[in-house]
>>> print(open('query-v5.txt').read())   # compact mmCIF, C-alpha atoms (C1' of nucleotides)
# COMPACT_ATOMS: atom_id res chain seq x y z
CA MET A 29 -8.33 71.80 -20.73
CA THR A 30 -10.04 69.87 -23.46
CA GLN A 31 -13.54 68.97 -24.41
CA THR A 32 -15.30 66.07 -22.81
CA PRO A 33 -15.71 62.93 -24.82
CA GLY A 34 -19.37 62.23 -25.33
CA LYS A 35 -22.84 63.56 -25.53
CA PHE A 36 -24.04 63.40 -21.96
CA VAL A 37 -21.32 64.96 -19.84
CA SER A 38 -20.40 67.83 -22.09
CA SER A 39 -23.88 69.29 -22.02
CA TYR A 40 -24.89 68.28 -18.52
CA LEU A 41 -25.80 71.29 -16.43
CA LEU A 42 -23.93 70.15 -13.33
CA TYR A 43 -20.84 69.50 -15.40
CA LEU A 44 -21.05 72.88 -17.11
CA LEU A 45 -21.31 74.60 -13.75
CA ALA A 46 -18.49 72.65 -12.11
CA ALA A 47 -16.23 72.98 -15.12
CA SER A 48 -16.93 76.69 -15.55
CA SER A 49 -16.25 77.30 -11.90
CA GLU A 50 -13.03 75.35 -12.10
CA ALA A 51 -11.90 77.03 -15.32
CA ALA A 52 -12.82 80.51 -14.14
CA SER A 53 -10.96 80.08 -10.86
CA HIS A 54 -7.94 78.27 -12.17
CA GLN A 55 -5.61 81.17 -12.94
CA PHE A 56 -6.69 83.17 -9.96
CA HIS A 57 -6.15 80.28 -7.59
CA ILE A 58 -2.63 79.94 -8.91
CA ARG A 59 -2.15 83.59 -8.02
CA VAL A 60 -3.66 83.01 -4.56
CA ARG A 61 -1.11 80.30 -3.90
CA GLU A 62 1.68 82.55 -5.12
CA LEU A 63 0.59 84.94 -2.42
CA GLY A 64 1.12 82.18 0.13
CA LEU A 65 -2.54 81.44 0.67
CA ARG A 66 -4.57 78.34 0.15
CA VAL A 67 -7.93 78.71 -1.53
CA PRO A 68 -10.00 78.20 1.64
CA GLU A 69 -7.92 80.83 3.39
CA TRP A 70 -8.55 83.28 0.59
CA ARG A 71 -12.27 82.59 0.93
CA VAL A 72 -12.14 83.38 4.61
CA LEU A 73 -10.29 86.62 3.92
CA ALA A 74 -12.88 87.59 1.32
CA CYS A 75 -15.77 86.93 3.70
CA LEU A 76 -14.12 88.90 6.48
CA TYR A 77 -13.32 91.69 4.06
CA ASP A 78 -17.05 92.01 3.56
CA GLN A 79 -17.93 91.58 7.19
CA ASP A 80 -15.42 91.26 9.96
CA GLY A 81 -16.26 89.18 13.02
CA LEU A 82 -18.22 86.40 11.34
CA MET A 83 -18.73 83.15 13.23
CA ILE A 84 -17.01 79.91 12.27
CA THR A 85 -20.33 78.50 11.12
CA GLN A 86 -21.04 81.45 8.88
CA LEU A 87 -17.57 81.37 7.41
CA ALA A 88 -18.05 77.71 6.65
CA ARG A 89 -21.37 78.30 4.93
CA TYR A 90 -20.19 81.25 2.86
CA SER A 91 -16.97 79.50 1.95
CA LEU A 92 -18.85 76.39 0.91
CA MET A 93 -17.19 74.01 3.32
CA GLU A 94 -17.85 72.00 6.45
CA GLN A 95 -17.66 73.46 9.89
CA SER A 96 -14.99 71.21 11.33
CA ARG A 97 -12.79 71.97 8.38
CA MET A 98 -13.32 75.67 8.86
CA THR A 99 -12.35 75.34 12.52
CA ARG A 100 -8.98 74.00 11.45
CA ILE A 101 -8.51 76.54 8.72
CA VAL A 102 -9.13 79.31 11.22
CA ASP A 103 -6.64 77.59 13.55
CA GLN A 104 -3.98 77.86 10.89
CA MET A 105 -4.81 81.40 9.93
CA GLU A 106 -4.72 82.38 13.56
CA LYS A 107 -1.27 80.79 13.96
CA ARG A 108 -0.15 82.74 10.91
CA GLY A 109 -1.44 85.94 12.42
CA LEU A 110 -4.07 86.66 9.78
CA VAL A 111 -7.09 86.43 12.08
CA VAL A 112 -7.93 86.27 15.78
CA ARG A 113 -10.79 84.54 17.56
CA LYS A 114 -12.84 86.59 19.99
CA ASN A 115 -15.62 85.39 22.24
CA ASP A 116 -19.00 86.78 21.47
CA GLU A 117 -20.32 88.81 24.37
CA GLY A 118 -23.86 87.72 24.94
CA ASP A 119 -23.52 84.20 23.55
CA GLY A 120 -20.74 82.09 24.96
CA ARG A 121 -21.00 79.45 22.25
CA ARG A 122 -20.07 81.77 19.49
CA VAL A 123 -16.58 82.51 18.33
CA ARG A 124 -16.13 85.59 16.21
CA VAL A 125 -13.28 85.70 13.76
CA HIS A 126 -11.59 89.04 13.18
CA LEU A 127 -8.92 90.14 10.74
CA THR A 128 -5.65 91.29 12.24
CA ASP A 129 -3.92 94.28 10.71
CA THR A 130 -1.88 91.94 8.58
CA GLY A 131 -5.00 90.05 7.57
CA GLN A 132 -6.81 93.26 6.80
CA LYS A 133 -4.06 94.44 4.49
CA LEU A 134 -3.76 91.10 2.77
CA SER A 135 -7.48 90.75 2.26
CA SER A 136 -7.76 94.20 0.68
CA ASP A 137 -4.89 93.45 -1.63
CA VAL A 138 -6.25 90.12 -2.76
CA VAL A 139 -9.79 91.40 -3.16
CA GLU A 140 -8.40 94.10 -5.39
CA GLU A 141 -6.62 91.53 -7.53
CA ALA A 142 -9.77 89.43 -7.60
CA MET A 143 -11.79 92.33 -8.98
CA GLU A 144 -9.17 93.01 -11.58
CA HIS A 145 -9.14 89.35 -12.55
CA GLU A 146 -12.91 89.35 -12.83
CA ARG A 147 -12.82 92.32 -15.18
CA THR A 148 -10.33 90.48 -17.34
CA LEU A 149 -12.49 87.39 -17.51
CA LEU A 150 -15.61 89.34 -18.38
CA SER A 151 -13.82 91.26 -21.07
CA ALA A 152 -13.11 88.01 -22.86
CA LEU A 153 -16.83 87.40 -23.31
CA ASN A 154 -19.09 88.93 -25.90
CA GLN A 155 -20.91 91.98 -24.64
CA ALA A 156 -24.30 90.35 -24.22
CA ASP A 157 -22.91 87.45 -22.20
CA ALA A 158 -20.71 89.72 -20.14
CA ASP A 159 -23.72 91.81 -19.21
CA ARG A 160 -25.96 88.90 -18.44
CA ILE A 161 -23.76 86.35 -16.74
CA LYS A 162 -23.74 87.67 -13.19
CA PRO A 163 -27.42 88.59 -12.90
CA SER A 164 -28.27 85.30 -14.50
CA LEU A 165 -26.14 83.33 -12.03
CA GLU A 166 -27.64 85.32 -9.18
CA ARG A 167 -31.10 84.25 -10.24
CA LEU A 168 -29.97 80.67 -10.68
CA LEU A 169 -28.41 80.65 -7.25
CA ALA A 170 -31.49 82.13 -5.62
CA SER A 171 -33.67 79.57 -7.30
CA LEU A 172 -31.39 76.69 -6.31
CA ASN A 173 -31.13 77.86 -2.74
CA SER A 174 -34.83 78.10 -2.27
CA TRP A 175 -35.35 74.78 -3.96
CA ASN A 176 -32.70 73.13 -1.79
CA SER A 177 -34.20 74.54 1.36
CA THR A 178 -37.53 72.93 0.57
CA LYS A 179 -35.72 69.61 0.34
CA GLU A 180 -34.20 69.58 3.80
CA MET B 13 -28.00 78.04 2.38
CA THR B 14 -28.09 81.72 3.11
CA GLN B 15 -26.92 84.88 1.49
CA THR B 16 -23.38 86.02 1.89
CA PRO B 17 -22.69 88.92 4.19
CA GLY B 18 -21.30 91.76 2.22
CA LYS B 19 -20.94 93.47 -1.08
CA PHE B 20 -17.91 91.87 -2.60
CA VAL B 21 -18.39 88.13 -2.23
CA SER B 22 -22.07 87.94 -3.05
CA SER B 23 -21.62 89.41 -6.48
CA TYR B 24 -18.16 88.05 -7.28
CA LEU B 25 -18.22 85.96 -10.43
CA LEU B 26 -16.03 83.20 -9.03
CA TYR B 27 -18.23 82.98 -5.96
CA LEU B 28 -21.40 82.88 -8.03
CA LEU B 29 -20.02 80.06 -10.13
CA ALA B 30 -18.74 78.02 -7.20
CA ALA B 31 -21.89 78.56 -5.17
CA SER B 32 -24.18 77.75 -8.09
CA SER B 33 -22.25 74.62 -8.84
CA GLU B 34 -22.41 73.58 -5.22
CA ALA B 35 -26.09 74.39 -4.84
CA ALA B 36 -27.07 72.74 -8.12
CA SER B 37 -25.20 69.56 -7.26
CA HIS B 38 -26.13 69.33 -3.62
CA GLN B 39 -29.30 67.24 -3.79
CA PHE B 40 -28.04 65.07 -6.57
CA HIS B 41 -24.81 64.31 -4.77
CA ILE B 42 -26.82 63.19 -1.77
CA ARG B 43 -28.61 60.80 -4.12
CA VAL B 44 -25.28 59.62 -5.55
CA ARG B 45 -24.11 58.73 -2.06
CA GLU B 46 -27.37 56.92 -1.36
CA LEU B 47 -26.54 54.79 -4.35
CA GLY B 48 -23.25 53.86 -2.68
CA LEU B 49 -21.07 56.04 -4.88
CA ARG B 50 -18.80 58.90 -4.05
CA VAL B 51 -18.93 61.93 -6.28
CA PRO B 52 -15.65 61.27 -8.08
CA GLU B 53 -16.79 57.73 -8.81
CA TRP B 54 -20.02 59.01 -10.29
CA ARG B 55 -17.99 61.33 -12.49
CA VAL B 56 -15.94 58.43 -13.77
CA LEU B 57 -19.09 56.44 -14.50
CA ALA B 58 -20.54 59.40 -16.39
CA CYS B 59 -17.40 59.82 -18.50
CA LEU B 60 -17.27 56.14 -19.31
CA TYR B 61 -20.97 56.14 -20.11
CA ASP B 62 -20.14 58.64 -22.82
CA GLN B 63 -17.00 56.90 -23.94
CA ASP B 64 -15.81 53.60 -22.59
CA GLY B 65 -12.08 52.89 -22.45
CA LEU B 66 -10.82 56.35 -21.58
CA MET B 67 -7.31 56.72 -20.15
CA ILE B 68 -6.65 57.63 -16.53
CA THR B 69 -5.37 61.01 -17.64
CA GLN B 70 -8.48 61.77 -19.63
CA LEU B 71 -10.75 60.67 -16.81
CA ALA B 72 -8.86 62.97 -14.49
CA ARG B 73 -9.21 65.92 -16.82
CA TYR B 74 -12.88 65.41 -17.57
CA SER B 75 -13.65 64.76 -13.92
CA LEU B 76 -11.77 67.89 -12.89
CA MET B 77 -9.24 66.21 -10.65
CA GLU B 78 -5.58 65.30 -10.46
CA GLN B 79 -4.12 62.27 -12.09
CA SER B 80 -2.74 60.57 -9.01
CA ARG B 81 -6.07 60.91 -7.32
CA MET B 82 -7.80 59.40 -10.31
CA THR B 83 -5.41 56.46 -10.22
CA ARG B 84 -6.57 55.69 -6.71
CA ILE B 85 -10.23 56.20 -7.51
CA VAL B 86 -9.93 53.78 -10.38
CA ASP B 87 -8.17 51.36 -7.98
CA GLN B 88 -11.18 51.43 -5.70
CA MET B 89 -13.72 51.17 -8.48
CA GLU B 90 -11.80 48.24 -9.88
CA LYS B 91 -11.83 46.50 -6.50
CA ARG B 92 -15.57 47.10 -6.34
CA GLY B 93 -16.01 45.57 -9.74
CA LEU B 94 -17.31 48.67 -11.51
CA VAL B 95 -14.45 49.04 -13.96
CA VAL B 96 -11.45 47.11 -15.28
CA ARG B 97 -8.10 48.34 -16.49
CA LYS B 98 -6.89 47.13 -19.86
CA ASN B 99 -3.57 47.79 -21.50
CA ASP B 100 -3.70 49.83 -24.66
CA GLU B 101 -2.44 47.86 -27.62
CA GLY B 102 -0.06 50.10 -29.45
CA ASP B 103 0.99 52.26 -26.54
CA GLY B 104 2.26 50.46 -23.49
CA ARG B 105 2.10 53.50 -21.26
CA ARG B 106 -1.61 53.85 -21.54
CA VAL B 107 -4.17 52.19 -19.34
CA ARG B 108 -7.70 52.12 -20.64
CA VAL B 109 -10.53 51.98 -18.16
CA HIS B 110 -13.61 50.00 -19.12
CA LEU B 111 -16.97 49.56 -17.47
CA THR B 112 -17.84 46.06 -16.30
CA ASP B 113 -21.40 44.83 -16.79
CA THR B 114 -22.20 46.00 -13.28
CA GLY B 115 -20.60 49.36 -13.95
CA GLN B 116 -22.43 49.67 -17.24
CA LYS B 117 -25.78 49.07 -15.61
CA LEU B 118 -25.06 51.41 -12.74
CA SER B 119 -23.82 54.19 -14.98
CA SER B 120 -26.93 54.01 -17.19
CA ASP B 121 -29.17 54.14 -14.16
CA VAL B 122 -27.41 57.09 -12.58
CA VAL B 123 -27.15 59.00 -15.85
CA GLU B 124 -30.89 58.57 -16.22
CA GLU B 125 -31.46 59.96 -12.76
CA ALA B 126 -29.07 62.80 -13.51
CA MET B 127 -31.05 63.78 -16.58
CA GLU B 128 -34.28 63.69 -14.64
CA HIS B 129 -32.72 65.81 -11.91
CA GLU B 130 -31.52 68.30 -14.49
CA ARG B 131 -35.02 68.64 -15.93
CA THR B 132 -36.33 69.33 -12.45
CA LEU B 133 -33.75 72.02 -11.83
CA LEU B 134 -34.39 73.72 -15.14
CA SER B 135 -38.12 73.67 -14.59
CA ALA B 136 -37.64 75.77 -11.47
CA LEU B 137 -36.20 78.60 -13.57
CA ASN B 138 -38.10 81.12 -15.60
CA GLN B 139 -38.42 80.14 -19.24
CA ALA B 140 -35.86 82.57 -20.59
CA ASP B 141 -33.19 81.55 -18.09
CA ALA B 142 -33.97 77.87 -18.56
CA ASP B 143 -33.49 78.25 -22.30
CA ARG B 144 -30.32 80.28 -22.05
CA ILE B 145 -28.40 78.82 -19.16
CA LYS B 146 -26.72 75.85 -20.84
CA PRO B 147 -25.72 77.55 -24.10
CA SER B 148 -24.50 80.47 -22.11
CA LEU B 149 -22.37 78.29 -19.83
CA GLU B 150 -21.05 76.48 -22.86
CA ARG B 151 -19.84 79.74 -24.34
CA LEU B 152 -18.38 80.80 -21.00
CA LEU B 153 -16.54 77.52 -20.66
CA ALA B 154 -15.17 77.71 -24.17
CA SER B 155 -13.98 81.23 -23.57
CA LEU B 156 -12.37 80.33 -20.25
CA ASN B 157 -10.68 77.27 -21.66
CA SER B 158 -9.13 79.13 -24.53
CA TRP B 159 -8.09 81.94 -22.22
CA ASN B 160 -6.54 79.51 -19.75
CA SER B 161 -4.64 77.75 -22.46
CA THR B 162 -2.97 80.97 -23.52
CA LYS B 163 -1.78 81.36 -19.95
CA GLU B 164 0.10 78.09 -19.65
C1' DG C 17 20.02 54.43 -34.17
C1' DT C 18 20.57 56.70 -30.00
C1' DA C 19 20.25 60.15 -26.46
C1' DA C 20 17.16 63.30 -24.50
C1' DA C 21 12.55 64.78 -23.82
C1' DA C 22 7.88 63.88 -23.14
C1' DA C 23 3.85 61.21 -21.81
C1' DA C 24 1.17 57.95 -18.87
C1' DT C 25 0.67 55.86 -14.68
C1' DA C 26 1.83 54.69 -10.00
C1' DT C 27 3.31 55.39 -5.23
C1' DG C 28 5.30 56.97 -0.49
C1' DA C 29 4.71 60.28 2.79
C1' DA C 30 2.80 64.39 4.48
C1' DA C 31 -1.16 67.13 4.80
C1' DT C 32 -5.84 67.84 4.59
C1' DT C 33 -10.61 66.45 4.90
C1' DT C 34 -14.40 63.89 6.64
C1' DC C 35 -17.28 61.68 9.99
C1' DA C 36 -18.94 60.94 14.21
C1' DT C 37 -19.16 62.68 18.41
C1' DA C 38 -17.72 65.42 22.57
C1' DT C 39 -18.23 69.68 25.07
C1' DA C 40 -20.31 73.75 26.36
C1' DA C 41 -23.77 77.41 26.16
C1' DT C 42 -28.30 78.87 25.13
C1' DA C 43 -33.18 78.34 24.03
C1' DT C 44 -37.55 76.01 24.61
C1' DG C 45 -41.46 74.35 26.88
C1' DA C 46 -44.05 71.80 30.34
C1' DT D 14 -37.41 75.89 37.17
C1' DC D 15 -35.85 71.86 35.31
C1' DA D 16 -35.30 68.65 31.69
C1' DT D 17 -34.74 68.49 26.80
C1' DA D 18 -33.55 70.22 22.48
C1' DT D 19 -30.75 73.12 19.79
C1' DT D 20 -26.75 75.73 18.48
C1' DA D 21 -21.74 76.60 18.11
C1' DT D 22 -17.32 74.91 18.17
C1' DA D 23 -13.76 71.50 18.69
C1' DT D 24 -11.39 67.08 18.19
C1' DG D 25 -9.82 61.98 17.49
C1' DA D 26 -9.34 58.74 14.13
C1' DA D 27 -9.97 57.10 9.60
C1' DA D 28 -9.94 58.19 4.90
C1' DT D 29 -8.78 60.91 1.19
C1' DT D 30 -5.95 64.19 -1.29
C1' DT D 31 -1.76 66.37 -2.57
C1' DC D 32 2.97 66.76 -3.85
C1' DA D 33 7.01 65.23 -5.48
C1' DT D 34 9.00 61.83 -7.83
C1' DA D 35 9.83 56.99 -9.66
C1' DT D 36 9.05 53.83 -13.46
C1' DT D 37 8.03 52.57 -17.94
C1' DT D 38 7.13 53.46 -22.69
C1' DT D 39 7.00 56.34 -26.65
C1' DT D 40 8.39 60.42 -29.32
C1' DT D 41 11.56 63.71 -30.95
C1' DA D 42 15.75 65.44 -32.75
C1' DC D 43 20.04 64.76 -34.14
>>> encode(input="query-v5.txt", output="structure tokens")
Amino acid sequence: MTQTPGKFVSSYLLYLLAASSEAASHQFHIRVRELGLRVPEWRVLACLYDQDGLMITQLARYSLMEQSRMTRIVDQMEKRGLVVRKNDEGDGRRVRVHLTDTGQKLSSDVVEEAMEHERTLLSALNQADADRIKPSLERLLASLNSWNSTKE
Amino acid sequence: MTQTPGKFVSSYLLYLLAASSEAASHQFHIRVRELGLRVPEWRVLACLYDQDGLMITQLARYSLMEQSRMTRIVDQMEKRGLVVRKNDEGDGRRVRVHLTDTGQKLSSDVVEEAMEHERTLLSALNQADADRIKPSLERLLASLNSWNSTKE
DNA sequence: GTAAAAAATATGAAATTTCATATAATATGA
DNA sequence: TCATATTATATGAAATTTCATATTTTTTAC
């Protein structure tokens, strides 16, 4: 990873966000693949770790990807025995995705590694930044989300 | 865009970064597509706006994507008349990518819109966050980059 | 000066992703 | 209640992306 060439890109907010996200995730995503998972699969596991039985649409939104893609990712995870689809009682359109025992175990393990990784990253920052970064991103995200929702 | 379900994901640093990046870019990327560009093409234009004649490898790194993908993106942009490949004098392996007049014009226009969009985003934040966000991300990125480079 | 290693780009083939749309179930409203 | 709109998921086909590796040129080390 090197610096960008010129004046615009290297201080452009959208670049800084994309590049930080990429750089922060890089090592951990390598680890995710070592564990035999692809990044979108890990995201699904993390969401279901928080709340089992989410719908495909919710998983797609929380995992920052399109619904039809999520359908196929869930297909693959189901074939691998990490999750199962169940029909929602009460609303026949909905499909609820549940962790299997294997999926449960794997998601706990990876979440634990993720937390450890996060601690390592934060410890590389100066104290003030380490304290502020998450609350500050939470505010940014809230502001962006409400701004985006006014636009569509 | 809604909140995430549970405790882990919604306050996980890597999620906050990915989601902020996504949310911050969302509207602008819609605009990029309205202008007939795909996101990776816009990234190439932005890099070349800063420094014309970058190599494929550099464009890939700065645009956060793999080299073979960048080769094909440059192929398409070349077919569309936005850029041209030129051989580096002095090093026959290198291919330098240059903006055409059309590409030059387009990149200036889109960079201008990008700056305007950035001002709009920042103005939606409170003053303290608006002042701190970019320097803070710059420090984060620097820290992550040096940390990543120790790991490989 | 030469062999081996490294660097830069390209490419085939497989896999994934996107886009538009189909299908099915539920909600809405006259 | 019935027609229409909306929501949730799935899927075919096209396009893109990835992965491994080939090709070419330069650098390094002897």
>>> interface_residues(input="query-v5.txt", of="chain D", to="chain B", cutoff="9 Å", atoms="only C-alpha atoms (C1' of nucleotides)", output="number ranges by chain")
D: 29-31, 37-39
>>> closest_residue(input="query-v5.txt", among="B:Glu130, B:Glu34, B:Glu53, B:Asp87", to="DT25 in chain C", atoms="all atoms listed in the file")
B:Asp87
>>> residues_around(input="query-v5.txt", residues="range 16-24 of chain D", least_positions_apart="2", cutoff="10 Å", atoms="all atoms listed in the file", output="NGL selection string")
(:A and (83-85 or 95-96 or 99-100 or 119-123)) or (:C and (37-46)) or (:D and (14 or 26))
>>> atom_distance(input="query-v5.txt", atom1="CA of Lys179 in chain A", atom2="CA of Ser37 in chain B")
13.0 Å
>>> interface_residues(input="query-v5.txt", of="chain B", to="chain A", cutoff="7 Å", atoms="all atoms listed in the file", output="PDB file with C-alpha atoms, in the frame of the given file")
ATOM      1  CA  MET B  13     -28.000  78.040   2.380  1.00  0.00           C
ATOM      2  CA  THR B  16     -23.380  86.020   1.890  1.00  0.00           C
ATOM      3  CA  PRO B  17     -22.690  88.920   4.190  1.00  0.00           C
ATOM      4  CA  GLY B  18     -21.300  91.760   2.220  1.00  0.00           C
ATOM      5  CA  LYS B  19     -20.940  93.470  -1.080  1.00  0.00           C
ATOM      6  CA  PHE B  20     -17.910  91.870  -2.600  1.00  0.00           C
ATOM      7  CA  VAL B  21     -18.390  88.130  -2.230  1.00  0.00           C
ATOM      8  CA  LEU B  25     -18.220  85.960 -10.430  1.00  0.00           C
ATOM      9  CA  LEU B  26     -16.030  83.200  -9.030  1.00  0.00           C
ATOM     10  CA  LEU B  28     -21.400  82.880  -8.030  1.00  0.00           C
ATOM     11  CA  LEU B  29     -20.020  80.060 -10.130  1.00  0.00           C
ATOM     12  CA  ALA B  30     -18.740  78.020  -7.200  1.00  0.00           C
ATOM     13  CA  SER B  32     -24.180  77.750  -8.090  1.00  0.00           C
ATOM     14  CA  SER B  33     -22.250  74.620  -8.840  1.00  0.00           C
ATOM     15  CA  ALA B  35     -26.090  74.390  -4.840  1.00  0.00           C
ATOM     16  CA  ALA B  36     -27.070  72.740  -8.120  1.00  0.00           C
ATOM     17  CA  SER B  37     -25.200  69.560  -7.260  1.00  0.00           C
ATOM     18  CA  ALA B  58     -20.540  59.400 -16.390  1.00  0.00           C
ATOM     19  CA  CYS B  59     -17.400  59.820 -18.500  1.00  0.00           C
ATOM     20  CA  ASP B  62     -20.140  58.640 -22.820  1.00  0.00           C
ATOM     21  CA  GLN B  63     -17.000  56.900 -23.940  1.00  0.00           C
ATOM     22  CA  TYR B  74     -12.880  65.410 -17.570  1.00  0.00           C
ATOM     23  CA  GLU B 130     -31.520  68.300 -14.490  1.00  0.00           C
ATOM     24  CA  ALA B 136     -37.640  75.770 -11.470  1.00  0.00           C
ATOM     25  CA  LEU B 137     -36.200  78.600 -13.570  1.00  0.00           C
ATOM     26  CA  LYS B 146     -26.720  75.850 -20.840  1.00  0.00           C
ATOM     27  CA  LEU B 149     -22.370  78.290 -19.830  1.00  0.00           C
ATOM     28  CA  GLU B 150     -21.050  76.480 -22.860  1.00  0.00           C
ATOM     29  CA  LEU B 152     -18.380  80.800 -21.000  1.00  0.00           C
ATOM     30  CA  LEU B 153     -16.540  77.520 -20.660  1.00  0.00           C
ATOM     31  CA  SER B 155     -13.980  81.230 -23.570  1.00  0.00           C
ATOM     32  CA  LEU B 156     -12.370  80.330 -20.250  1.00  0.00           C
ATOM     33  CA  ASN B 157     -10.680  77.270 -21.660  1.00  0.00           C
TER      34      ASN B 157
END
>>> atom_distance(input="query-v5.txt", atom1="CA of Glu90 in chain B", atom2="CA of Ser120 in chain B")
17.8 Å
>>> closest_residue(input="query-v5.txt", among="A:Arg113, A:His126, A:Arg66, A:Arg61", to="chain C", atoms="only C-alpha atoms (C1' of nucleotides)")
A:Arg66
>>> interface_residues(input="query-v5.txt", of="chain C", to="chain B", cutoff="9 Å", atoms="all atoms listed in the file", output="list in words")
DA23, DA24, DT25, DA26 and DT27 of chain C
>>> decode(input="query-v5.txt", residues="chain C", atoms="C-alpha atoms (C1' of nucleotides)", output="PDB file, in the first residue's frame")
ATOM      1  C1'  DG C  17      28.108 -11.416 -19.117  1.00  0.00           C
ATOM      2  C1'  DT C  18      24.834 -14.642 -17.829  1.00  0.00           C
ATOM      3  C1'  DA C  19      21.506 -17.137 -15.126  1.00  0.00           C
ATOM      4  C1'  DA C  20      17.958 -16.476 -11.925  1.00  0.00           C
ATOM      5  C1'  DA C  21      14.715 -13.481  -9.823  1.00  0.00           C
ATOM      6  C1'  DA C  22      11.587  -9.831 -10.010  1.00  0.00           C
ATOM      7  C1'  DA C  23       8.399  -6.608 -12.142  1.00  0.00           C
ATOM      8  C1'  DA C  24       4.681  -5.176 -15.387  1.00  0.00           C
ATOM      9  C1'  DT C  25       1.074  -6.464 -18.127  1.00  0.00           C
ATOM     10  C1'  DA C  26      -2.062  -9.592 -20.367  1.00  0.00           C
ATOM     11  C1'  DT C  27      -5.210 -13.494 -20.874  1.00  0.00           C
ATOM     12  C1'  DG C  28      -8.111 -18.021 -20.612  1.00  0.00           C
ATOM     13  C1'  DA C  29     -11.351 -20.119 -17.950  1.00  0.00           C
ATOM     14  C1'  DA C  30     -14.087 -20.508 -13.976  1.00  0.00           C
ATOM     15  C1'  DA C  31     -16.743 -18.169 -10.705  1.00  0.00           C
ATOM     16  C1'  DT C  32     -19.243 -14.451  -9.160  1.00  0.00           C
ATOM     17  C1'  DT C  33     -22.088 -10.403  -9.731  1.00  0.00           C
ATOM     18  C1'  DT C  34     -25.487  -7.615 -11.880  1.00  0.00           C
ATOM     19  C1'  DC C  35     -29.725  -6.500 -14.155  1.00  0.00           C
ATOM     20  C1'  DA C  36     -34.100  -7.212 -15.395  1.00  0.00           C
ATOM     21  C1'  DT C  37     -37.795  -9.700 -14.494  1.00  0.00           C
ATOM     22  C1'  DA C  38     -40.598 -13.765 -12.909  1.00  0.00           C
ATOM     23  C1'  DT C  39     -43.215 -15.761  -9.190  1.00  0.00           C
ATOM     24  C1'  DA C  40     -45.711 -15.789  -5.149  1.00  0.00           C
ATOM     25  C1'  DA C  41     -47.723 -13.810  -0.966  1.00  0.00           C
ATOM     26  C1'  DT C  42     -49.508  -9.961   1.433  1.00  0.00           C
ATOM     27  C1'  DA C  43     -51.301  -5.301   1.979  1.00  0.00           C
ATOM     28  C1'  DT C  44     -54.088  -1.481   0.389  1.00  0.00           C
ATOM     29  C1'  DG C  45     -58.045   0.901  -0.969  1.00  0.00           C
ATOM     30  C1'  DA C  46     -62.187   1.803  -3.658  1.00  0.00           C
TER      31       DA C  46
END
